[in-house]
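Note sheet for the following structure.
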Amino acid sequence: MPESIGGAPIALMERFGYGGDVHCVSRTRAEINGRPCVDSIDALPYGVDVVILAIPKAGVAQAIEAAGRRGVGGAIVFSSGYGEAGPGGAAEQLELASLATSYDLALAGPNCLGLINFTQSVPLTFGDASPNRRVGGPSLAIISQSGAMSLALTYAAMAQDIALSYTISTGNEAVLGIEDYLGVILGEEGIRAVALLIEQIRRPAEFIDLARVARQRGVALCVLHTGRSARAQASSLSHTGAIAGDQEVMRTILGREGVLFIDSLDELIDTVGVVVKCPVPRAYGVAFMTDSGAAKTYAIDVSDDIGLLLPELSPPTLATLSDVLPPYATASNPVDITAMGLNDPSLYARVASTLLDDDDVGCLVVSSMPGSDVQGTQQVDALLPVLVAAAKPVIYTIMGGESPLPRENRLKIFDAGLPLFRSPERALRAARNVTRRARTLVELESRVAPGDFGALEVDSKEGAYVSEYAAKALLSRAGIRVPSGELATDVHSARAIAARLGYPVVVKVVSAQILHKSDVGGVVVVADEEELSRAHAQMRARIAATRPDAVVDGVLVEEVVNGGVEMIVGARRDSSWGDNVLIGLGGVWTEVIKDAVVVAADADRREIVAGIDSLRGAATLRGARGGVMSDIDALVDAIELIGGLLRATPGIAEIEVNPLLVLPRGEGVVALDALMVRQP
């Protein structure tokens, strides 16, 4: 039956007008849809391009082996019950992959919906689909680990008249993964964007390389990565067997290669639609024009919420707008042309042309009411000549949700190659994404690699952790200020050190086995020699009672440093995504507020400053509510140095400085505490 999983691919090939050979295999039928059947894969001609296996799981391995014997190039496996079904299924999936690779057979799936090659009219899927209305020109490729979502994105793209080149469902990726398909796609002409719906990137290093290739070739990779929450990650185990990784690190590293991460399906398809249909913006500001005062105010609210730049318009632009607009309208961005546009449709075109001529406007969003059918047609006819001639992205938005529009007006807009939205918020989010990507691409070209201060060696002691004393010595050698202090092996040397430093002093236990010193009473501030002696004895006694396993090197006696803002800076090696640095509010706020951002370990100063500015608590550093301006330049220096220290010290896997005290401007930073983890 054409509606069945097995019959659908044949029916689709007829719908798409596929002109190549199609061979049917059935043990029970002599023909399918008028096409003759052979009774086994062994009876197929040698060297068939691909077989579609729409059969029960029990017969898949045997079919793959038969296909391999017949020199088949690839196989698409719809069957489920493999890696997504638990350990037993995962083991069967590994066997299936081994069998396919032994015959050099490209295996798609299992548990996939197949793929559609729109360019050559080859539908290898059981999902319902139709050929492209739009053929030729810039196009979109869709890659999804979910079969259902691949079709959802396909339907959404077609509804927005986006030309499609491929829709690919990768399923469990036993052999072929996202990286394999993406590698082929990036080698083809005309593909301007790739929409990726991903639960897990299984080959990160390869994906990073492909992202770099995409950037160099002008192809936008737009990613919706599902599984951000703990519950979603647990769900993914039962869905496709894909476990979400460290998303923040992944987003940071791939973002440096121009990958655009998007958080909703609507925003994903909206963004790729603008990328495919419009030129790359040369400026990063967005102009918004409407015929509704409320829509103007709403656009301001939305832009503030999503971090979209609505720039002030240039004096010449404002002057021209003042001449063009009715006397009761305000020349500004956003601009409300008022309902006068319904009486004089040319007003839409004159205002749009003026805004597009402003050098600080990189993208224009036109958001209008539909009006009557006649008014809507007049509006479209007036605007299209200006919008089509624009060398900047233009998003045409006709408000009113899913209310019907005259079909001829919709087709005029689509045939002009313009994105058509029905929601101003969706248009503004897409505009933000394409302008943000344009800015990122420019910044990537000017990225300055940090200097390298050469390899440093960590002490050769055994154990997973480096003591605070040794860690601070390494930080100091890297150029990061630490409190003045020395290691005391007994109470007598502790008193002598304190006398040299001057009271009050901080006394901390030094042991590579005690990571959280305050939990065992291993940190105390003392005001004089008597307090120091008493604290030293009590500290040693508590540790002996609570942590008899700990090897205590002594106590660290340090000067007291007060004031400033406490930050955390933590660098770590990630075997998947590379070295990175976490920046956030430190001290007791690290766990309470969890306000942190990740940058690459070789991030330049611009990237680090942008990371700091993205923190919710960034205002604390900048003297909020009459506070003191912190030494942000010194903080940036320290972050650069800590990232460089990790890269230069192969023996270290992680560095955590918490708190890093950021003093008032001009006074620098001080690493009050430090933890380092040795590389296994």
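Note on naming: chains are A, B, ... as they come in the structure tokens, residues start from 1 per chain, ligands start from 1 in the order shown.
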Practice problem: Write out as a ChimeraX atom specification the residues lying within 8 Å of region 198-215 of chain A, counting only C-alpha atoms and excluding same-chain residues fewer than 5 positions away. | Solution: /A:144-146,177-179,182-183,186,220-221,223-227,236,242-245,253-254,257-259,441,576-577
Self-check item: Selection near region 499-504 of chain A, 8 Å with only C-alpha atoms, sequence-local residues under 5 positions removed, as a ChimeraX atom specification
Solution: /A:484-485,525-528,558-560
Mind dumping the selected residues with N, CA and C atoms as a compact mmCIF listing (two decimals), in the first residue's frame?
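Saved file result_21.txt follows:
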# COMPACT_ATOMS: atom_id res chain seq x y z
N SER A 484 50.83 37.69 49.87
CA SER A 484 52.15 37.41 50.44
C SER A 484 51.98 36.35 51.52
N GLY A 485 52.84 35.36 51.52
CA GLY A 485 52.72 34.30 52.51
C GLY A 485 53.75 33.22 52.30
N VAL A 525 41.30 33.28 60.47
CA VAL A 525 42.00 34.56 60.54
C VAL A 525 42.36 34.81 62.01
N VAL A 526 43.63 35.10 62.27
CA VAL A 526 44.08 35.32 63.65
C VAL A 526 44.65 36.73 63.79
N ALA A 527 44.50 37.28 65.00
CA ALA A 527 44.89 38.68 65.23
C ALA A 527 46.22 38.84 65.93
N ASP A 528 46.72 37.75 66.58
CA ASP A 528 47.99 37.87 67.29
C ASP A 528 48.60 36.49 67.45
N GLU A 558 49.28 33.71 55.40
CA GLU A 558 49.21 34.74 54.37
C GLU A 558 48.69 36.06 54.93
N GLU A 559 49.03 37.11 54.19
CA GLU A 559 48.47 38.42 54.52
C GLU A 559 46.96 38.43 54.30
N VAL A 560 46.26 39.29 54.98
CA VAL A 560 44.83 39.47 54.78
C VAL A 560 44.63 40.54 53.71
Exercise. Find the residues near region 44-54 of chain A: any atom within 8 Å, counting only C-alpha atoms, skip ones fewer than 6 places away on the same chain, and give them as number ranges by chain.
Key: A: 5-6, 23, 38, 60, 63, 67, 70-79, 124
Quiz prompt | Contacts of region 300-315 of chain A at 9 Å (only C-alpha atoms; same-chain gap of 5+ positions) as a VMD selection string | solution = chain A and resid 284 to 288 295 320 331 to 334 355 358 to 361 425 428 to 429 431 to 433 435 to 436
Quiz item: Do you have the CA of Met340 (chain A)-CA of Val374 (chain A) distance handy?
Solution: 15.2 Å
